[in-house]
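Content type TSV, C-alpha atoms, from the file start.tsv:
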```
chain	number	residue	atom	x	y	z
A	1	MET	CA	33.28	7.08	49.71
A	2	THR	CA	32.66	10.70	50.77
A	3	GLY	CA	32.46	11.88	54.41
A	4	ARG	CA	28.69	12.28	54.12
A	5	GLN	CA	28.25	8.75	52.85
A	6	HIS	CA	30.59	7.42	55.56
A	7	LEU	CA	28.60	9.20	58.29
A	8	TRP	CA	25.32	7.96	56.81
A	9	SER	CA	26.53	4.36	56.81
A	10	LYS	CA	27.81	4.63	60.41
A	11	LEU	CA	24.44	5.92	61.63
A	12	GLU	CA	22.62	3.22	59.68
A	13	ALA	CA	24.85	0.58	61.31
A	14	LEU	CA	24.24	2.11	64.76
A	15	ARG	CA	20.47	2.06	64.20
A	16	ALA	CA	20.63	-1.58	63.10
A	17	ALA	CA	22.72	-2.51	66.18
A	18	GLU	CA	20.34	-0.74	68.60
A	19	SER	CA	17.35	-2.37	66.91
A	20	ALA	CA	18.94	-5.81	67.33
A	21	ALA	CA	19.76	-5.11	70.98
A	22	ALA	CA	16.21	-3.88	71.65
A	23	ALA	CA	14.80	-7.01	70.05
A	24	LYS	CA	16.90	-9.29	72.23
A	25	LYS	CA	15.89	-7.45	75.43
A	26	LEU	CA	12.26	-7.52	74.40
A	27	LEU	CA	12.42	-11.30	74.00
A	28	LEU	CA	13.82	-11.50	77.56
A	29	ASN	CA	11.08	-9.18	78.90
A	30	ALA	CA	13.72	-6.55	79.73
A	31	PRO	CA	13.12	-2.80	79.38
A	32	VAL	CA	14.15	-1.31	76.00
A	33	ASP	CA	13.62	2.40	76.70
A	34	GLU	CA	17.29	3.31	76.29
A	35	GLU	CA	17.60	1.53	72.98
A	36	LEU	CA	14.41	3.10	71.58
A	37	LYS	CA	15.62	6.53	72.69
A	38	ARG	CA	18.93	6.06	70.88
A	39	ILE	CA	17.14	4.76	67.75
A	40	GLU	CA	14.95	7.90	67.77
A	41	GLN	CA	18.01	10.12	68.10
A	42	VAL	CA	19.74	8.33	65.21
A	43	GLU	CA	16.70	8.74	62.97
A	44	LYS	CA	16.57	12.48	63.75
A	45	LEU	CA	20.26	12.80	62.84
A	46	LEU	CA	19.72	10.94	59.59
A	47	LYS	CA	17.16	13.54	58.52
A	48	PHE	CA	19.76	16.30	58.77
A	49	ILE	CA	22.29	14.55	56.55
A	50	PRO	CA	21.81	15.68	52.91
A	51	GLN	CA	20.76	12.82	50.66
A	52	SER	CA	22.93	11.90	47.68
A	53	ASN	CA	21.28	12.92	44.39
A	54	LYS	CA	23.04	10.19	42.41
A	55	VAL	CA	19.97	7.96	42.45
A	56	THR	CA	17.83	10.81	41.17
A	57	ILE	CA	20.35	11.61	38.44
A	58	TYR	CA	20.58	7.95	37.40
A	59	ALA	CA	16.79	7.66	37.34
A	60	ALA	CA	16.47	10.84	35.25
A	61	CYS	CA	19.13	9.59	32.81
A	62	ALA	CA	17.39	6.22	32.54
A	63	VAL	CA	14.00	7.85	31.88
A	64	GLY	CA	15.59	10.21	29.32
A	65	ALA	CA	17.33	7.31	27.55
A	66	ILE	CA	14.11	5.31	27.41
A	67	CYS	CA	12.23	8.32	25.99
A	68	LEU	CA	14.95	8.84	23.36
A	69	ILE	CA	14.92	5.17	22.37
A	70	VAL	CA	11.11	5.16	22.08
A	71	ALA	CA	11.19	8.37	20.00
A	72	CYS	CA	13.85	6.88	17.69
A	73	VAL	CA	11.83	3.69	17.26
A	74	LEU	CA	8.70	5.70	16.43
A	75	TRP	CA	10.69	7.83	14.00
A	76	THR	CA	12.35	4.96	12.14
A	77	THR	CA	9.52	2.39	12.20
A	78	ARG	CA	7.08	2.70	9.32
A	79	LEU	CA	3.40	1.91	9.47
A	80	PRO	CA	2.64	-1.68	8.41
A	81	THR	CA	0.39	-0.31	5.66
A	82	SER	CA	-0.48	3.16	4.50
A	83	HIS	CA	-3.65	4.65	3.02
A	84	LEU	CA	-3.03	6.53	-0.22
A	85	GLN	CA	-4.81	8.07	-3.18
A	86	LEU	CA	-3.41	8.02	-6.69
A	87	ASP	CA	-4.36	9.84	-9.89
A	88	VAL	CA	-1.91	8.97	-12.69
A	89	THR	CA	-1.72	9.20	-16.46
A	90	SER	CA	0.75	6.68	-17.86
A	91	GLU	CA	1.88	5.14	-21.13
A	92	SER	CA	2.00	1.76	-19.41
A	93	VAL	CA	0.25	0.12	-16.47
A	94	THR	CA	0.07	-3.47	-15.22
A	95	ILE	CA	-2.79	-4.51	-12.94
A	96	ARG	CA	-3.73	-7.72	-11.13
A	97	LEU	CA	-7.40	-8.07	-10.29
A	98	ALA	CA	-8.58	-9.23	-6.88
A	99	LYS	CA	-12.08	-9.91	-8.20
A	100	GLN	CA	-13.69	-10.69	-11.54
A	101	THR	CA	-14.59	-7.71	-13.71
A	102	SER	CA	-17.09	-7.49	-16.55
A	103	TRP	CA	-17.66	-4.66	-18.99
A	104	ASN	CA	-20.32	-4.09	-21.63
A	105	GLY	CA	-20.53	-1.12	-23.93
A	106	ASN	CA	-19.28	0.15	-27.29
A	107	TRP	CA	-15.57	0.96	-27.70
A	108	ASP	CA	-14.89	2.23	-31.22
A	109	LEU	CA	-11.77	0.49	-32.61
A	110	SER	CA	-12.05	1.75	-36.18
A	111	GLY	CA	-8.98	3.98	-35.99
A	112	GLY	CA	-6.67	1.53	-37.75
A	113	LEU	CA	-5.36	-2.01	-37.48
A	114	LEU	CA	-7.05	-4.48	-35.09
A	115	ARG	CA	-5.24	-7.69	-34.15
A	116	LEU	CA	-5.81	-10.56	-31.74
A	117	GLU	CA	-2.91	-12.93	-30.94
A	118	ASP	CA	-2.41	-16.17	-28.99
A	119	MET	CA	-6.07	-16.68	-28.25
A	120	SER	CA	-7.20	-20.16	-27.19
A	121	ARG	CA	-10.29	-19.81	-29.33
A	122	ILE	CA	-11.70	-17.30	-31.82
A	123	GLU	CA	-15.13	-17.60	-33.36
A	124	ILE	CA	-15.49	-15.59	-36.56
A	125	PRO	CA	-18.73	-14.79	-38.46
A	126	PRO	CA	-19.97	-17.71	-40.62
A	127	GLU	CA	-20.00	-15.38	-43.64
A	128	LEU	CA	-16.19	-15.54	-43.69
A	129	ALA	CA	-15.71	-19.33	-43.59
A	130	ASP	CA	-17.64	-22.55	-43.23
A	131	GLU	CA	-15.31	-23.61	-40.41
A	132	ASN	CA	-15.65	-20.51	-38.28
A	133	MET	CA	-14.12	-21.83	-35.00
A	134	LEU	CA	-10.37	-21.29	-34.70
A	135	ALA	CA	-8.60	-23.07	-31.80
A	136	GLY	CA	-5.00	-23.40	-30.60
A	137	ARG	CA	-2.88	-20.24	-30.79
A	138	SER	CA	-5.40	-18.52	-32.97
A	139	TRP	CA	-5.09	-15.00	-34.34
A	140	PHE	CA	-7.27	-12.46	-36.09
A	141	GLU	CA	-6.44	-9.28	-37.98
A	142	GLY	CA	-8.82	-6.73	-39.42
A	143	SER	CA	-8.59	-3.36	-41.18
A	144	ASN	CA	-10.56	-1.08	-43.50
A	145	GLY	CA	-13.75	-1.73	-41.58
A	146	ASP	CA	-15.66	-0.53	-38.55
A	147	PHE	CA	-14.83	-2.58	-35.45
A	148	ALA	CA	-16.11	-2.15	-31.90
A	149	LEU	CA	-15.45	-3.97	-28.63
A	150	ARG	CA	-18.82	-4.80	-27.08
A	151	SER	CA	-17.90	-6.86	-24.01
A	152	LEU	CA	-14.90	-7.90	-21.95
A	153	GLU	CA	-14.61	-10.24	-18.97
A	154	ILE	CA	-11.48	-11.01	-16.91
A	155	GLN	CA	-11.51	-13.44	-14.00
A	156	ALA	CA	-10.02	-12.88	-10.53
A	157	GLN	CA	-6.19	-13.00	-10.31
A	158	GLY	CA	-6.02	-12.03	-13.94
A	159	GLU	CA	-3.22	-9.65	-14.87
A	160	PHE	CA	-3.31	-7.33	-17.82
A	161	LEU	CA	-0.87	-4.83	-19.23
A	162	VAL	CA	-1.98	-1.79	-21.20
A	163	LYS	CA	0.89	-0.21	-23.11
A	164	LYS	CA	0.98	2.62	-25.62
A	165	ALA	CA	2.79	1.62	-28.80
A	166	GLU	CA	3.55	3.47	-32.02
A	167	LEU	CA	1.25	6.30	-33.07
A	168	GLN	CA	-2.13	5.78	-31.38
A	169	THR	CA	-1.85	2.00	-31.08
A	170	LEU	CA	-2.40	0.22	-27.76
A	171	ASN	CA	-1.30	-3.26	-26.74
A	172	ILE	CA	-3.44	-5.01	-24.12
A	173	ASN	CA	-1.83	-8.21	-22.82
A	174	SER	CA	-3.66	-10.59	-20.48
A	175	TRP	CA	-2.43	-13.66	-18.58
A	176	ASN	CA	-2.89	-15.78	-15.41
A	177	SER	CA	-6.67	-15.96	-15.70
A	178	PRO	CA	-9.31	-16.60	-18.39
A	179	LEU	CA	-10.27	-13.72	-20.68
A	180	LEU	CA	-13.47	-13.51	-22.73
A	181	GLY	CA	-14.45	-10.76	-25.13
A	182	GLN	CA	-16.68	-9.93	-28.05
A	183	LEU	CA	-16.18	-7.69	-31.09
A	184	GLN	CA	-18.57	-6.45	-33.75
A	185	VAL	CA	-17.65	-5.65	-37.33
A	186	TYR	CA	-19.45	-3.46	-39.89
A	187	GLY	CA	-18.88	-2.54	-43.53
A	188	THR	CA	-16.46	-4.25	-45.89
A	189	PRO	CA	-13.34	-5.02	-43.85
A	190	LYS	CA	-10.15	-6.75	-44.89
A	191	ILE	CA	-9.82	-9.74	-42.55
A	192	GLN	CA	-7.18	-12.42	-42.02
A	193	ALA	CA	-7.20	-15.18	-39.40
A	194	GLY	CA	-5.65	-18.51	-38.51
A	195	GLN	CA	-5.38	-21.29	-35.92
A	196	SER	CA	-1.65	-20.70	-35.35
A	197	PRO	CA	0.88	-17.95	-36.13
A	198	GLU	CA	2.23	-19.99	-39.06
A	199	LYS	CA	-1.17	-20.82	-40.54
A	200	GLY	CA	-3.76	-18.61	-42.20
A	201	GLU	CA	-7.31	-19.54	-43.14
A	202	LYS	CA	-8.91	-18.96	-46.53
A	203	LEU	CA	-11.63	-16.41	-45.86
A	204	SER	CA	-14.35	-14.99	-48.07
A	205	GLU	CA	-14.71	-11.26	-48.68
A	206	THR	CA	-18.09	-10.02	-47.58
A	207	ARG	CA	-19.96	-6.89	-46.63
A	208	PHE	CA	-21.53	-6.73	-43.16
A	209	ASP	CA	-24.71	-4.70	-43.48
A	210	ILE	CA	-25.84	-6.48	-40.34
A	211	PRO	CA	-23.03	-6.44	-37.72
A	212	GLY	CA	-20.95	-9.60	-37.57
A	213	THR	CA	-19.81	-10.96	-34.20
A	214	ILE	CA	-16.29	-12.08	-33.31
A	215	THR	CA	-15.84	-13.89	-29.98
A	216	PHE	CA	-12.39	-14.47	-28.51
A	217	PHE	CA	-11.32	-16.49	-25.48
A	218	HIS	CA	-8.01	-17.05	-23.68
A	219	ASN	CA	-7.76	-19.89	-21.14
A	220	ALA	CA	-4.84	-18.53	-19.08
A	221	SER	CA	-2.24	-20.57	-20.93
A	222	GLN	CA	1.44	-19.70	-20.63
A	223	ALA	CA	1.52	-17.32	-23.61
A	224	PRO	CA	-0.34	-14.08	-22.85
A	225	ALA	CA	-3.28	-13.05	-24.97
A	226	ILE	CA	-2.65	-9.87	-26.98
A	227	LEU	CA	-5.24	-7.38	-28.15
A	228	ARG	CA	-3.69	-4.69	-30.37
A	229	VAL	CA	-6.07	-1.84	-31.14
A	230	THR	CA	-6.10	1.69	-32.56
A	231	PRO	CA	-9.09	3.24	-30.79
A	232	ARG	CA	-10.99	6.35	-31.74
A	233	GLY	CA	-12.59	6.74	-28.35
A	234	SER	CA	-11.80	5.53	-24.84
A	235	LEU	CA	-12.79	2.59	-22.68
A	236	THR	CA	-13.51	3.16	-18.97
A	237	LEU	CA	-13.49	0.28	-16.48
A	238	GLU	CA	-14.94	1.19	-13.09
A	239	ASN	CA	-14.60	-0.12	-9.54
A	240	LEU	CA	-11.79	-2.59	-10.13
A	241	ALA	CA	-10.67	-4.37	-6.96
A	242	VAL	CA	-6.90	-4.77	-7.46
A	243	GLU	CA	-3.91	-6.21	-5.63
A	244	LYS	CA	-1.12	-5.04	-7.93
A	245	ILE	CA	-0.31	-1.83	-9.80
A	246	SER	CA	2.90	-1.23	-11.73
A	247	PHE	CA	3.91	1.55	-14.11
A	248	ALA	CA	7.10	-0.12	-15.37
A	249	ARG	CA	7.51	-0.64	-19.08
A	250	GLU	CA	10.20	-2.57	-20.89
A	251	LYS	CA	12.58	-0.60	-23.08
A	252	ALA	CA	15.29	-2.51	-24.89
A	253	ALA	CA	17.29	0.54	-26.07
A	254	SER	CA	17.78	2.06	-22.60
A	255	GLU	CA	20.32	1.89	-19.79
A	256	THR	CA	17.90	-0.12	-17.66
A	257	SER	CA	15.60	-2.93	-18.78
A	258	PHE	CA	12.54	-1.18	-17.41
A	259	GLN	CA	11.48	2.46	-17.29
A	260	SER	CA	8.52	4.25	-15.81
A	261	GLY	CA	5.62	4.96	-18.13
A	262	ILE	CA	4.21	7.73	-15.94
A	263	ILE	CA	3.39	10.93	-17.83
A	264	LYS	CA	1.94	12.95	-14.96
A	265	GLY	CA	-0.05	12.51	-11.77
A	266	ASN	CA	-0.49	13.13	-8.07
A	267	LEU	CA	-0.03	10.91	-5.03
A	268	THR	CA	-1.60	11.74	-1.66
A	269	MET	CA	-0.76	9.94	1.57
A	270	LEU	CA	-4.11	9.98	3.35
A	271	SER	CA	-2.54	8.48	6.49
A	272	THR	CA	-0.85	11.81	7.24
A	273	GLY	CA	-2.94	14.31	5.31
A	274	GLU	CA	0.09	15.81	3.58
A	275	LYS	CA	-0.23	17.85	0.38
A	276	PRO	CA	-0.37	15.80	-2.85
A	277	LEU	CA	3.01	14.78	-4.21
A	278	PRO	CA	3.24	15.71	-7.92
A	279	LEU	CA	4.50	12.93	-10.17
A	280	GLU	CA	6.48	14.09	-13.18
A	281	ALA	CA	7.13	12.25	-16.44
A	282	GLY	CA	9.27	9.19	-15.80
A	283	SER	CA	8.77	9.17	-12.01
A	284	ARG	CA	9.91	5.78	-10.71
A	285	LEU	CA	7.00	4.97	-8.43
A	286	ARG	CA	6.83	1.44	-7.03
A	287	LEU	CA	3.91	0.10	-5.01
A	288	GLU	CA	4.00	-3.20	-3.09
A	289	GLY	CA	1.29	-5.01	-1.17
A	290	VAL	CA	-1.48	-3.14	-2.98
A	291	LYS	CA	-5.05	-3.63	-1.83
A	292	GLY	CA	-7.74	-1.23	-2.94
A	293	VAL	CA	-10.06	-0.08	-5.71
A	294	ILE	CA	-9.43	1.67	-9.00
A	295	SER	CA	-12.53	3.80	-9.25
A	296	ALA	CA	-11.86	4.59	-12.92
A	297	LEU	CA	-9.41	3.12	-15.44
A	298	THR	CA	-9.65	5.01	-18.73
A	299	ILE	CA	-7.88	3.46	-21.73
A	300	GLY	CA	-7.39	5.59	-24.85
A	301	GLY	CA	-4.99	6.28	-27.67
A	302	ASP	CA	-2.93	8.66	-25.52
A	303	GLY	CA	-2.36	6.08	-22.78
A	304	VAL	CA	-4.06	5.13	-19.54
A	305	ARG	CA	-5.41	7.17	-16.66
A	306	LEU	CA	-6.27	5.53	-13.36
A	307	VAL	CA	-7.72	6.82	-10.11
A	308	PHE	CA	-6.91	4.53	-7.18
A	309	GLU	CA	-7.54	4.57	-3.44
A	310	GLY	CA	-6.45	1.88	-1.03
A	311	ARG	CA	-3.66	0.61	1.18
A	312	VAL	CA	-0.09	-0.37	0.29
A	313	ARG	CA	2.64	-2.15	2.22
A	314	SER	CA	5.32	0.00	0.59
A	315	ALA	CA	5.42	3.07	-1.67
A	316	THR	CA	8.83	4.21	-2.91
A	317	ILE	CA	9.98	6.74	-5.49
A	318	GLY	CA	13.38	7.32	-7.04
A	319	PRO	CA	15.99	5.47	-9.12
A	320	PRO	CA	17.21	2.00	-8.02
A	321	GLY	CA	19.51	2.30	-5.01
A	322	PHE	CA	18.22	5.77	-4.15
A	323	GLU	CA	14.58	5.03	-3.42
A	324	ARG	CA	12.70	7.20	-0.94
A	325	GLU	CA	10.01	5.55	1.17
A	326	LEU	CA	6.78	7.55	1.05
A	327	LYS	CA	5.01	5.50	3.70
A	328	PRO	CA	5.00	7.57	6.94
A	329	SER	CA	6.70	6.58	10.17
A	330	LEU	CA	4.74	5.97	13.37
A	331	LEU	CA	5.90	9.37	14.69
A	332	GLU	CA	4.71	11.19	11.55
A	333	TYR	CA	1.40	9.34	11.72
A	334	MET	CA	0.87	10.27	15.38
A	335	TYR	CA	1.84	13.90	14.72
A	336	ASP	CA	-0.79	14.26	12.00
A	337	GLN	CA	-3.60	12.46	13.83
A	338	GLN	CA	-5.39	15.42	15.43
A	339	ARG	CA	-8.31	13.30	16.53
A	340	LEU	CA	-5.99	10.83	18.23
A	341	GLY	CA	-4.20	13.66	20.06
A	342	PHE	CA	-7.52	15.19	21.08
A	343	PHE	CA	-8.68	11.81	22.43
A	344	TRP	CA	-5.62	11.42	24.66
A	345	ALA	CA	-5.91	15.03	25.83
A	346	VAL	CA	-9.53	14.44	26.87
A	347	ALA	CA	-8.60	11.13	28.53
A	348	SER	CA	-5.80	12.81	30.51
A	349	PHE	CA	-8.08	15.65	31.55
A	350	LEU	CA	-10.80	13.27	32.77
A	351	TRP	CA	-8.24	11.16	34.65
A	352	GLY	CA	-6.88	14.27	36.42
A	353	LEU	CA	-10.40	15.46	37.22
A	354	LEU	CA	-11.43	12.12	38.70
A	355	TRP	CA	-8.19	11.82	40.68
A	356	SER	CA	-8.69	15.31	42.15
A	357	ALA	CA	-12.28	14.46	43.06
A	358	ARG	CA	-11.11	11.25	44.76
A	359	THR	CA	-8.59	13.23	46.82
A	360	LEU	CA	-11.25	15.74	47.91
A	361	ILE	CA	-13.83	13.10	48.81
A	362	PHE	CA	-11.64	10.62	50.70
A	363	ARG	CA	-9.15	12.91	52.44
```
Would you give me this structure, written as structure tokens?
Amino acid sequence: MTGRQHLWSKLEALRAAESAAAAKKLLLNAPVDEELKRIEQVEKLLKFIPQSNKVTIYAACAVGAICLIVACVLWTTRLPTSHLQLDVTSESVTIRLAKQTSWNGNWDLSGGLLRLEDMSRIEIPPELADENMLAGRSWFEGSNGDFALRSLEIQAQGEFLVKKAELQTLNINSWNSPLLGQLQVYGTPKIQAGQSPEKGEKLSETRFDIPGTITFFHNASQAPAILRVTPRGSLTLENLAVEKISFAREKAASETSFQSGIIKGNLTMLSTGEKPLPLEAGSRLRLEGVKGVISALTIGGDGVRLVFEGRVRSATIGPPGFERELKPSLLEYMYDQQRLGFFWAVASFLWGLLWSARTLIFR
């Protein structure tokens, strides 16, 4: 204990003793003038003793430590979800629908081979066979004719994979939810079909001057439905509410089982307003907890292009083990929210103004 602290404690003890003595005399109706005079003198002496600044230093250190801890928490804690915008061209994309989607139009599939596999039911034109309903694990294959997809319907929770194959061929796989579609055929095609992969039906050769209709249905059985096409044009699905997007594609002859199908694109984190992040060929982008809308999904012979906007629980990029989280931290979010900063500045100004007015009015 220093001399200053020792003196301070002595005076404090003297003041306490005089106060106790004054209280006892007061209870006995005795005069306490001497005691009060000494208490006043002690209090005056206490004012001249410099106060220890240890308490102030400790308080400042505590406040500084709390501020540092809060800043670190804000810096390391990510937002629960982040708002992003995505424009990507890819050789492969897998999507899970949050709501049912229906499309009607005319997608020209006359560029080459057309094949349907593992359908629960296929109804072929009656010109081809008397028994025109194929059920089980039915398949259909057509070439040398003019084919067009006229309608497609996928129920909610349905997943489908669009993957570019050899040349200009596309594989469209669908599972988890019923799929219904309709094709039209023109001209003199070469057609084969069957109720199972091991069985083929005996079909008649015919010319379709009036378009023939082929209806296919998949009932969400374990085996995914496959639609293999060689399109001349493109198919655009609009306003798809989705809850999963993946650009991974399986490659057997590679170091890893899956690779990214991304060809090019841009990703913009709307939560922070940063510049778009360019996505190069093979960028390993992974999105989790997706909830949003694909405004346009364009499927063509060169691959798939999608434009998405929504929220994600996680967005990472990079090879496995070296992923970089793109979702901003709370500190980055607060730094880029100019409106939020302006709001607190105005609130602080109004609070100071009202406090000053209170002081002037009630002083």
*Best match for closeness to Ala225 of chain A among A:Arg207, A:Arg38, A:His83, A:Arg115, counting all atoms listed in the file*: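 Among the listed residues, A:Arg115 lies closest to Ala225 of chain A.
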*Any idea what's packed within 10 Å of Lys264 of chain A, counting all atoms listed in the file, ignoring anything in its chain fewer than 6 positions away? Could you give it as a PyMOL selection string?*
chain A and resi 87-91+278-283+305
Please report as JSON lines every residue of segment 43-162 of chain A lying within 6 Å of segment 186-195 of chain A, along with the nearest atom pair and their distance in Å (one decimal), using all atoms listed in the file.
```
{"residue": "A:Leu134", "atom": "CA", "partner": "A:Gln195", "partner_atom": "CA", "distance": 5.1}
{"residue": "A:Ala135", "atom": "CA", "partner": "A:Gln195", "partner_atom": "CA", "distance": 5.5}
{"residue": "A:Gly136", "atom": "CA", "partner": "A:Gln195", "partner_atom": "CA", "distance": 5.7}
{"residue": "A:Arg137", "atom": "CA", "partner": "A:Gln195", "partner_atom": "CA", "distance": 5.8}
{"residue": "A:Ser138", "atom": "CA", "partner": "A:Gln195", "partner_atom": "CA", "distance": 4.0}
{"residue": "A:Trp139", "atom": "CA", "partner": "A:Gly194", "partner_atom": "CA", "distance": 5.5}
{"residue": "A:Phe140", "atom": "CA", "partner": "A:Ala193", "partner_atom": "CA", "distance": 4.3}
{"residue": "A:Glu141", "atom": "CA", "partner": "A:Gln192", "partner_atom": "CA", "distance": 5.2}
{"residue": "A:Gly142", "atom": "CA", "partner": "A:Ile191", "partner_atom": "CA", "distance": 4.5}
{"residue": "A:Ser143", "atom": "CA", "partner": "A:Lys190", "partner_atom": "CA", "distance": 5.3}
{"residue": "A:Asn144", "atom": "CA", "partner": "A:Pro189", "partner_atom": "CA", "distance": 4.8}
{"residue": "A:Gly145", "atom": "CA", "partner": "A:Pro189", "partner_atom": "CA", "distance": 4.0}
{"residue": "A:Asp146", "atom": "CA", "partner": "A:Tyr186", "partner_atom": "CA", "distance": 5.0}
```
*Which residue out of A:Glu288, A:Glu35, A:Asp108, A:Asp118 has the minimum interatomic distance to Leu227 of chain A when all atoms listed in the file are used?*
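Distance minimum relative to Leu227 of chain A lands on A:Asp118.
Atom CA of Ser9 of chain A is found 22.7 Å from atom CA of Lys24 of chain A.
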*Would you kindly return, as a list in words, each protein, DNA or RNA residue with an atom no farther than 9 Å from any atom of Ser246 of chain A, considering all atoms listed in the file and excluding same-chain residues fewer than 5 positions away?*
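Residues meeting the cut-off are Ser92, Val93, Thr94, Ile95, Ser260, Leu285, Arg286, Leu287 and Glu288 of chain A.
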*Could you please determine the separation between atom CA of Leu27 of chain A and atom CA of Lys10 of chain A in Å, to one decimal place?*
26.0 Å
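With atom CA of Tyr58 of chain A on one side and atom CA of Gln5 of chain A on the other, the separation reads 17.3 Å.
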Could you produce a table of the residues of segment 244-306 of chain A lying within 10 Å of segment 98-103 of chain A, with the nearest pair of atoms per residue and their separation in Å rounded to one decimal, using all atoms listed in the file, ordered by chain and increasing residue number, as JSON lines?
```
{"residue": "A:Lys244", "atom": "CA", "partner": "A:Ala98", "partner_atom": "CA", "distance": 8.6}
{"residue": "A:Lys291", "atom": "CA", "partner": "A:Ala98", "partner_atom": "CA", "distance": 8.3}
{"residue": "A:Gly292", "atom": "CA", "partner": "A:Ala98", "partner_atom": "CA", "distance": 9.0}
{"residue": "A:Val293", "atom": "CA", "partner": "A:Ala98", "partner_atom": "CA", "distance": 9.3}
```
*May I have the protein, DNA and RNA residues with any atom at most 12 Å from the point (24.3, 1.5, 64.7), counting all atoms listed in the file, written as a VMD selection string?*
chain A and resid 7 to 22 35 38 to 43 46
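Across A:Leu240, A:Leu267, A:Ile154, A:Ile317, the tightest approach to Ala220 of chain A is made by A:Ile154 when counting all atoms listed in the file.
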*Neighbours of Leu109 of chain A within 9 Å (all atoms listed in the file; same-chain residues fewer than 6 positions away dropped), as a list in words?*
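Answer for this query is Asp146, Phe147, Ala148, Leu149, Val229, Thr230, Pro231, Arg232 and Gly233 of chain A.
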*For Arg311 of chain A, which of A:Leu84, A:Leu28, A:Ile122, A:Phe217 is the closest residue, counting only C-alpha atoms?*
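Ranking A:Leu84, A:Leu28, A:Ile122, A:Phe217 by distance to Arg311 of chain A, first place goes to A:Leu84.
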*Within 7 Å of segment 171-178 of chain A, counting only C-alpha atoms, which residues qualify if same-chain residues fewer than 6 places away don't, as a list in words?*
Ile154, Gln155, Ala156, Gln157, Gly158, Glu159, Phe160, Leu161, Val162, Lys163, Lys164, Ala165, His218, Asn219, Ala220, Pro224, Ala225, Ile226, Leu227, Arg228 and Val229 of chain A
Please rebuild segment 288-301 of chain A with N, CA and C atoms and return the result as a CSV table (one decimal), in the frame of the given file.
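Dumped to result09.csv:
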```
chain,number,residue,atom,x,y,z
A,288,GLU,N,4.0,-1.8,-3.5
A,288,GLU,CA,4.0,-3.2,-3.1
A,288,GLU,C,2.9,-3.4,-2.1
A,289,GLY,N,2.4,-4.7,-2.1
A,289,GLY,CA,1.3,-5.0,-1.2
A,289,GLY,C,0.0,-4.2,-1.4
A,290,VAL,N,-0.3,-4.0,-2.6
A,290,VAL,CA,-1.5,-3.1,-3.0
A,290,VAL,C,-2.8,-3.9,-2.7
A,291,LYS,N,-3.7,-3.1,-2.1
A,291,LYS,CA,-5.0,-3.6,-1.8
A,291,LYS,C,-6.0,-2.4,-1.8
A,292,GLY,N,-6.8,-2.4,-2.9
A,292,GLY,CA,-7.7,-1.2,-2.9
A,292,GLY,C,-8.6,-1.3,-4.2
A,293,VAL,N,-9.1,-0.1,-4.6
A,293,VAL,CA,-10.1,-0.1,-5.7
A,293,VAL,C,-9.6,1.0,-6.7
A,294,ILE,N,-9.6,0.7,-7.9
A,294,ILE,CA,-9.4,1.7,-9.0
A,294,ILE,C,-10.8,2.1,-9.4
A,295,SER,N,-11.2,3.3,-9.0
A,295,SER,CA,-12.5,3.8,-9.2
A,295,SER,C,-12.8,4.0,-10.7
A,296,ALA,N,-11.7,4.4,-11.5
A,296,ALA,CA,-11.9,4.6,-12.9
A,296,ALA,C,-10.5,4.3,-13.6
A,297,LEU,N,-10.6,3.4,-14.6
A,297,LEU,CA,-9.4,3.1,-15.4
A,297,LEU,C,-9.8,3.4,-16.9
A,298,THR,N,-9.3,4.5,-17.4
A,298,THR,CA,-9.6,5.0,-18.7
A,298,THR,C,-8.5,4.7,-19.7
A,299,ILE,N,-8.8,3.9,-20.7
A,299,ILE,CA,-7.9,3.5,-21.7
A,299,ILE,C,-8.2,4.2,-23.0
A,300,GLY,N,-7.2,4.9,-23.6
A,300,GLY,CA,-7.4,5.6,-24.8
A,300,GLY,C,-6.1,5.6,-25.7
A,301,GLY,N,-6.2,6.3,-26.8
A,301,GLY,CA,-5.0,6.3,-27.7
A,301,GLY,C,-3.8,7.0,-27.1
```
